[in-house]
Amino acid sequence: MAPSFTSRSALAAAAALVLPVVVNAHGIVTKIAVSGGQTYTGPIIPDSSDNSPIWHVINNSPETSASDPNMFCGQGATPGSQTPEIAAGSTLDISWASGYSSPGSNWPHVVGPVMTYMAKCDGDCASMNSGNSKFFLIDEKSGSGKTWDQAKLHDGQPLSVTIPADLAPGNYLVRHEIIALHNGREYYPSCSQWKVTGSGSLNPTDTVSFPNGGYDEASPSLQTYPPLDGYKFPGPLTLDSPVGSGSGSNTPSPPASPAAPSSQPAPASSPAPASESTPAASTSPSASAPSQSPADTGAAPSAPAAPSHSGSTAGSTDCSAAWTSCNAGWTGKDKYTCQTEYVACIAGSPKTRRNTHRVVRGVTNSSA
């Protein structure tokens, strides 16, 4: 029997009570403060205003697949109308909240990394889309001890990101993304547009596009409740440009010299606890171990030298290609020798920056 008008009204009233709880369980970027400068507030979700550098989104829901078109800048994202000037080397303090009111409730989640990308705009950033935007990673945050940096947002604090000091001037998108890992994968990308000033000359060429190309969803780094200790970030490597990593960031540093793994590398796993809290950290890896295991990278580890902004050479590129081919052909049934072979190869090649060739952890990519 169809429900009566009274029962339908009761159901509607109940849904109205539940809806704010549901929508407030997620969030968006609501405010960005520039060091020594102005603070910019983003439009709340019901408002169609674009009077901000922060791109407007139609809701605060996450993407749950890395191939979703909304991975570009968020749900139904549209450009802002402001493009404020900021100096290269400036710090952005980025705040998140529910987004349906101002100031709104705090960011609700506490598990998973926070990644920040930039893409140079071809003229006006309003013309940028998933087809023409090439993003390079400038910052990644995991946490320290048993606490993810994402928990700072939960406590109402912003997260800080520093624009590379030697970045070439021009218009840029900043794509700031939370990957919440308390219940599967929840991606929360947010874009803002800026005019970077200065006299730098850095124009990164190692880039990825969103969607399609950013993350390997089979990676242990993108599973529910990954161990924080020794966490290996998904996606591309950060620039070796002087960027701020923020308090608590544990961006891995390359070892003094690559060492062959003692046994077949195995992905870390951790069962999801009953509530959203950080599980106990696993035992720290040996200081001599590589910063990424071969199974997670799919690209050659860093050569044992301090990075520079010089280009790669044919010799190091050949070693990288051999590394990629070796990993692609390794089935796990025989002895793992790819890293030993790479070390032997690179020993006779000039040293190279770790990101002079395009690298996506867990994914092999052709040049952008």
# chains A, B, ... in the order shown; residues from 1 in each chain; ligands from 1
call {"tool": "select_by_dssp", "arguments": {"residues": "segment 73-138 of chain A", "states": "strand (DSSP E)", "output": "PyMOL selection string"}}
result
chain A and resi 85-87+91-97+114-120+136-138
call {"tool": "write_last_selection", "arguments": {"atoms": "C-alpha atoms", "output": "PDB file, in the first residue's frame"}}
result
ATOM      1  CA  GLU A  85      49.283  37.995  -7.335  1.00  0.00           C
ATOM      2  CA  ILE A  86      51.546  36.016  -5.023  1.00  0.00           C
ATOM      3  CA  ALA A  87      55.331  35.973  -4.965  1.00  0.00           C
ATOM      4  CA  THR A  91      53.168  30.183   1.766  1.00  0.00           C
ATOM      5  CA  LEU A  92      49.465  29.364   1.459  1.00  0.00           C
ATOM      6  CA  ASP A  93      47.591  28.384   4.632  1.00  0.00           C
ATOM      7  CA  ILE A  94      44.687  26.285   3.362  1.00  0.00           C
ATOM      8  CA  SER A  95      41.590  25.635   5.489  1.00  0.00           C
ATOM      9  CA  TRP A  96      38.886  23.025   4.960  1.00  0.00           C
ATOM     10  CA  ALA A  97      35.329  22.857   6.344  1.00  0.00           C
ATOM     11  CA  VAL A 114      47.406  15.498   1.521  1.00  0.00           C
ATOM     12  CA  MET A 115      48.951  16.301  -1.886  1.00  0.00           C
ATOM     13  CA  THR A 116      49.405  19.696  -3.573  1.00  0.00           C
ATOM     14  CA  TYR A 117      49.993  20.158  -7.300  1.00  0.00           C
ATOM     15  CA  MET A 118      50.425  23.139  -9.604  1.00  0.00           C
ATOM     16  CA  ALA A 119      49.770  23.557 -13.324  1.00  0.00           C
ATOM     17  CA  LYS A 120      50.804  26.500 -15.464  1.00  0.00           C
ATOM     18  CA  PHE A 136      53.510  18.853 -11.094  1.00  0.00           C
ATOM     19  CA  LEU A 137      53.618  17.909  -7.409  1.00  0.00           C
ATOM     20  CA  ILE A 138      55.034  20.543  -5.039  1.00  0.00           C
TER      21      ILE A 138
END
call {"tool": "closest_residue", "arguments": {"among": "A:Ser130, A:Gln193, A:Phe135, A:Asp149", "to": "Tyr40 of chain A", "atoms": "only C-alpha atoms"}}
result
A:Gln193
call {"tool": "residues_around", "arguments": {"residues": "Thr78 of chain A", "least_positions_apart": "5", "cutoff": "10 Å", "atoms": "only C-alpha atoms", "output": "list in words"}}
result
Ser48, Asp50, Ile54, Trp55, His56, Val57, Ile58, Cys73, Ala126, Asn129 and Cys191 of chain A
call {"tool": "atom_distance", "arguments": {"atom1": "atom CA of Glu63 of chain A", "atom2": "atom CA of Ala77 of chain A"}}
result
12.5 Å
call {"tool": "select_by_dssp", "arguments": {"residues": "segment 56-276 of chain A", "states": "helix (DSSP H, G or I)", "output": "list in words"}}
result
Pro69, Asn70, Met71, Cys125, Ala126, Ser127, Gln150, Ala151, Lys152, Leu153, His154, Pro220, Ser221 and Leu222 of chain A
call {"tool": "write_last_selection", "arguments": {"atoms": "N, CA and C atoms", "output": "compact mmCIF listing (two decimals), in the first residue's frame"}}
result
# COMPACT_ATOMS: atom_id res chain seq x y z
N PRO A 69 35.95 12.10 -13.97
CA PRO A 69 36.28 13.42 -14.53
C PRO A 69 36.40 14.52 -13.49
N ASN A 70 35.66 14.39 -12.37
CA ASN A 70 35.73 15.40 -11.32
C ASN A 70 37.03 15.37 -10.53
N MET A 71 37.92 14.40 -10.82
CA MET A 71 39.23 14.39 -10.19
C MET A 71 40.05 15.62 -10.59
N CYS A 125 43.49 31.22 -16.38
CA CYS A 125 43.26 29.90 -15.77
C CYS A 125 41.82 29.43 -15.94
N ALA A 126 40.90 30.34 -16.27
CA ALA A 126 39.51 29.94 -16.48
C ALA A 126 39.36 29.01 -17.66
N SER A 127 40.36 28.99 -18.55
CA SER A 127 40.29 28.13 -19.73
C SER A 127 40.87 26.74 -19.47
N GLN A 150 46.41 15.29 8.25
CA GLN A 150 45.01 15.57 7.95
C GLN A 150 44.22 15.88 9.23
N ALA A 151 44.66 15.31 10.36
CA ALA A 151 43.97 15.53 11.63
C ALA A 151 44.02 16.99 12.06
N LYS A 152 45.01 17.76 11.57
CA LYS A 152 45.06 19.18 11.90
C LYS A 152 43.83 19.90 11.36
N LEU A 153 43.41 19.50 10.16
CA LEU A 153 42.20 20.08 9.59
C LEU A 153 40.98 19.73 10.43
N HIS A 154 40.97 18.52 10.93
CA HIS A 154 39.89 18.07 11.81
C HIS A 154 39.82 18.95 13.06
N PRO A 220 49.39 -0.22 -2.38
CA PRO A 220 49.11 -0.30 -0.93
C PRO A 220 48.88 1.08 -0.32
N SER A 221 49.41 2.12 -0.94
CA SER A 221 49.26 3.49 -0.42
C SER A 221 47.83 4.00 -0.50
N LEU A 222 46.99 3.34 -1.29
CA LEU A 222 45.62 3.81 -1.47
C LEU A 222 44.59 2.81 -0.94
call {"tool": "closest_residue", "arguments": {"among": "A:Gly27, A:Pro103, A:Gly170, A:Pro204", "to": "Asp122 of chain A", "atoms": "only C-alpha atoms"}}
result
A:Gly170
call {"tool": "closest_residue", "arguments": {"among": "A:Thr205, A:Gln223, A:Asn212, A:Ser199", "to": "Ile179 of chain A", "atoms": "only C-alpha atoms"}}
result
A:Gln223
call {"tool": "closest_residue", "arguments": {"among": "A:Ser219, A:Asn171, A:Ser144, A:Thr224", "to": "Gln82 of chain A", "atoms": "only C-alpha atoms"}}
result
A:Asn171
call {"tool": "atom_distance", "arguments": {"atom1": "atom CA of Gly112 of chain A", "atom2": "atom CA of Leu181 of chain A"}}
result
5.1 Å
call {"tool": "atom_distance", "arguments": {"atom1": "atom CA of Pro53 of chain A", "atom2": "atom CA of Pro84 of chain A"}}
result
7.0 Å
